[in-house]
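Here's the structure we're looking at; comments come further down.
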Amino acid sequence: MAPHRRHPHRRRRPVLVPVSLLVTVAGLATAAALGGLEEAPDPAPKRLGKGDVFDQARIRTKFEDAVVLPGGRDGVGIQGQRWLHVRLQVTNQSDETVQAFGMVDRTIPTVRADGKTIKSPDQNFTDGPRIVMYVNERSYNQIHPGVTAPVTMAFELSPTDPPPKKVELDVGRFHLFESFFWEVSEWQIESDTVPAGETPDNKARSVTRVHAKVELPVRVEEGS
């Protein structure tokens, strides 16, 4: 049987190529010609205020209030002192019990009162704020899965200085790191690496990535 021959005058059927694909290819070619592709800049931190809620993956935090109270209130300090209380409502969104102190301390690395830093990542444990979960006149630290608990960051104030008018909080977020090779997963704070040349001690370090900035007005209760 003789082989089938293509008719010499038969037109080939056109191949349809989506316009979007052509545009994408053209864009990539242009970017390559101009020196390659650049990463999109990180979005600016969200601006939040009193009563706002921020989802941090492992936990969710509501920023309720900032108030100056005398020592001895809500399980913080003793009489004769003044304390700035930053009140939060923290919900455990994971399937494991978490520690209130660790969650708040790690996800809120920096706090400023009227522009002055009163909490920083470099602070010693003894110089940092008191972080307490005070319920029914008892102190707790564990937050079970699905539970929302009141957590307070408390800063001792000078007895003579005027109280601050506002506080500002830098807020980070967790992400779930999964290793397919080791078949394990763990929660980690999202962070960025600061090069050695940009740190005071010329040592590279990891810093919490700030996803939200929260500003709270400070009120003063009588007797404070």
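Note on naming: chains are A, B, ... as they come in the structure tokens, residues start from 1 per chain, ligands start from 1 in the order shown.
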Excluding A:Pro163 and its own-chain neighbours fewer than 2 positions away, which residues fall within 10 Å of it when counting only C-alpha atoms? Please give them as a short mmCIF file (atom, residue, chain, number, x, y, z; two decimals) with all heavy atoms, in the first residue's frame.
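Final output, around-v6.cif:
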```
data_model
loop_
_atom_site.label_atom_id
_atom_site.label_comp_id
_atom_site.auth_asym_id
_atom_site.auth_seq_id
_atom_site.Cartn_x
_atom_site.Cartn_y
_atom_site.Cartn_z
N VAL A 67 -3.77 51.10 80.28
CA VAL A 67 -4.23 51.85 81.44
C VAL A 67 -3.15 51.86 82.52
O VAL A 67 -2.43 50.88 82.71
CB VAL A 67 -5.55 51.24 82.00
CG1 VAL A 67 -5.38 49.76 82.32
CG2 VAL A 67 -6.06 52.00 83.20
N VAL A 68 -3.05 52.98 83.23
CA VAL A 68 -2.13 53.10 84.36
C VAL A 68 -2.90 52.77 85.64
O VAL A 68 -3.95 53.37 85.92
CB VAL A 68 -1.51 54.51 84.44
CG1 VAL A 68 -0.65 54.64 85.70
CG2 VAL A 68 -0.68 54.79 83.20
N ARG A 82 3.36 52.34 90.52
CA ARG A 82 2.46 52.61 89.40
C ARG A 82 2.88 51.73 88.23
O ARG A 82 4.07 51.59 87.94
CB ARG A 82 2.51 54.08 88.97
CG ARG A 82 1.92 55.05 89.95
CD ARG A 82 1.74 56.42 89.30
NE ARG A 82 2.96 56.86 88.62
CZ ARG A 82 2.99 57.83 87.71
NH1 ARG A 82 1.88 58.44 87.36
NH2 ARG A 82 4.13 58.19 87.15
N TRP A 83 1.89 51.15 87.57
CA TRP A 83 2.18 50.25 86.46
C TRP A 83 1.33 50.60 85.25
O TRP A 83 0.14 50.92 85.38
CB TRP A 83 1.91 48.80 86.86
CG TRP A 83 2.89 48.26 87.86
CD1 TRP A 83 2.90 48.49 89.21
CD2 TRP A 83 3.99 47.40 87.58
NE1 TRP A 83 3.95 47.83 89.80
CE2 TRP A 83 4.63 47.14 88.83
CE3 TRP A 83 4.49 46.81 86.43
CZ2 TRP A 83 5.76 46.32 88.93
CZ3 TRP A 83 5.61 45.98 86.52
CH2 TRP A 83 6.23 45.76 87.76
N LEU A 84 1.95 50.52 84.09
CA LEU A 84 1.24 50.65 82.82
C LEU A 84 0.84 49.26 82.36
O LEU A 84 1.69 48.40 82.13
CB LEU A 84 2.14 51.31 81.77
CG LEU A 84 1.65 51.27 80.32
CD1 LEU A 84 0.34 52.04 80.16
CD2 LEU A 84 2.72 51.81 79.37
N ALA A 113 6.58 53.92 74.61
CA ALA A 113 5.65 54.79 75.32
C ALA A 113 6.03 56.23 75.01
O ALA A 113 7.14 56.66 75.37
CB ALA A 113 5.70 54.53 76.82
N ASP A 114 5.14 56.94 74.32
CA ASP A 114 5.44 58.31 73.87
C ASP A 114 6.78 58.37 73.13
O ASP A 114 7.56 59.31 73.28
CB ASP A 114 5.45 59.29 75.05
CG ASP A 114 4.06 59.54 75.61
OD1 ASP A 114 3.07 59.19 74.93
OD2 ASP A 114 3.96 60.08 76.72
N LEU A 157 6.23 52.12 86.24
CA LEU A 157 6.48 53.52 85.92
C LEU A 157 7.16 54.21 87.09
O LEU A 157 7.01 53.81 88.25
CB LEU A 157 5.18 54.24 85.58
CG LEU A 157 4.37 53.69 84.40
CD1 LEU A 157 3.05 54.46 84.27
CD2 LEU A 157 5.17 53.77 83.11
N SER A 158 7.86 55.27 86.78
CA SER A 158 8.45 56.09 87.84
C SER A 158 7.33 56.74 88.65
O SER A 158 6.32 57.17 88.09
CB SER A 158 9.35 57.17 87.23
OG SER A 158 9.65 58.17 88.18
N PRO A 159 7.49 56.83 89.98
CA PRO A 159 6.43 57.43 90.80
C PRO A 159 6.26 58.93 90.58
O PRO A 159 5.25 59.51 90.97
CB PRO A 159 6.88 57.13 92.23
CG PRO A 159 8.35 56.93 92.13
CD PRO A 159 8.61 56.32 90.79
N THR A 160 7.26 59.57 89.96
CA THR A 160 7.21 61.03 89.79
C THR A 160 6.96 61.47 88.36
O THR A 160 6.43 62.56 88.13
CB THR A 160 8.53 61.65 90.28
OG1 THR A 160 9.63 61.06 89.56
CG2 THR A 160 8.72 61.41 91.77
N ASP A 161 7.32 60.66 87.38
CA ASP A 161 7.14 61.06 85.98
C ASP A 161 5.67 61.01 85.58
O ASP A 161 4.92 60.16 86.07
CB ASP A 161 7.94 60.15 85.05
CG ASP A 161 9.44 60.33 85.21
OD1 ASP A 161 9.85 61.35 85.80
OD2 ASP A 161 10.20 59.44 84.77
N LYS A 165 1.05 59.16 77.22
CA LYS A 165 -0.23 59.42 76.58
C LYS A 165 -0.62 58.32 75.60
O LYS A 165 -1.80 58.14 75.30
CB LYS A 165 -0.20 60.77 75.87
CG LYS A 165 -0.02 61.96 76.81
CD LYS A 165 -0.02 63.27 76.05
CE LYS A 165 0.14 64.45 77.00
NZ LYS A 165 0.16 65.75 76.26
N LYS A 166 0.38 57.60 75.09
CA LYS A 166 0.08 56.52 74.15
C LYS A 166 1.21 55.49 74.19
O LYS A 166 2.33 55.78 74.60
CB LYS A 166 -0.09 57.04 72.73
CG LYS A 166 1.19 57.59 72.11
CD LYS A 166 0.97 58.02 70.66
CE LYS A 166 2.27 58.53 70.05
NZ LYS A 166 2.09 58.94 68.63
N VAL A 218 -3.45 55.88 76.24
CA VAL A 218 -3.30 55.44 77.64
C VAL A 218 -4.26 56.25 78.51
O VAL A 218 -4.26 57.48 78.48
CB VAL A 218 -1.86 55.64 78.13
CG1 VAL A 218 -1.74 55.25 79.61
CG2 VAL A 218 -0.89 54.80 77.29
N ARG A 219 -5.06 55.54 79.29
CA ARG A 219 -5.91 56.21 80.26
C ARG A 219 -5.37 55.95 81.67
O ARG A 219 -4.62 55.00 81.89
CB ARG A 219 -7.36 55.73 80.15
CG ARG A 219 -7.55 54.25 80.39
CD ARG A 219 -8.98 53.82 80.10
NE ARG A 219 -9.18 52.39 80.36
CZ ARG A 219 -9.48 51.89 81.54
NH1 ARG A 219 -9.66 52.71 82.60
NH2 ARG A 219 -9.64 50.59 81.71
N VAL A 220 -5.73 56.81 82.60
CA VAL A 220 -5.22 56.70 83.97
C VAL A 220 -6.40 56.57 84.92
O VAL A 220 -7.30 57.41 84.91
CB VAL A 220 -4.37 57.94 84.34
CG1 VAL A 220 -3.85 57.80 85.77
CG2 VAL A 220 -3.23 58.12 83.36
N SER A 224 -3.91 56.33 90.69
CA SER A 224 -2.65 55.87 90.08
C SER A 224 -1.62 56.98 90.08
O SER A 224 -1.94 58.14 89.95
CB SER A 224 -2.90 55.41 88.65
OG SER A 224 -3.85 54.38 88.62
#
```
Neighbour list for stretch 177-179 of chain A as a list in words, cut-off 12 Å, only C-alpha atoms, skip fewer than 6 positions in-chain: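 Once the nearby chain positions are removed, what remains is Ala57, Arg58, Ser185, Glu186, Trp187, Gln188, Ile189 and Glu190 of chain A.
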Residue list (strand (DSSP E or B), DSSP) for stretch 88-224 of chain A, as a PyMOL selection string: chain A and resi 88-92+98-99+110-113+116-119+130-135+138-140+142-143+148-157+166-171+174-179+184-189+191-194+205-208+212-217+219-220
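Using only C-alpha atoms, the nearest neighbour of A:Ile118 within the list A:Val194, A:Val135, A:Leu69, A:Ala154 is A:Ala154.
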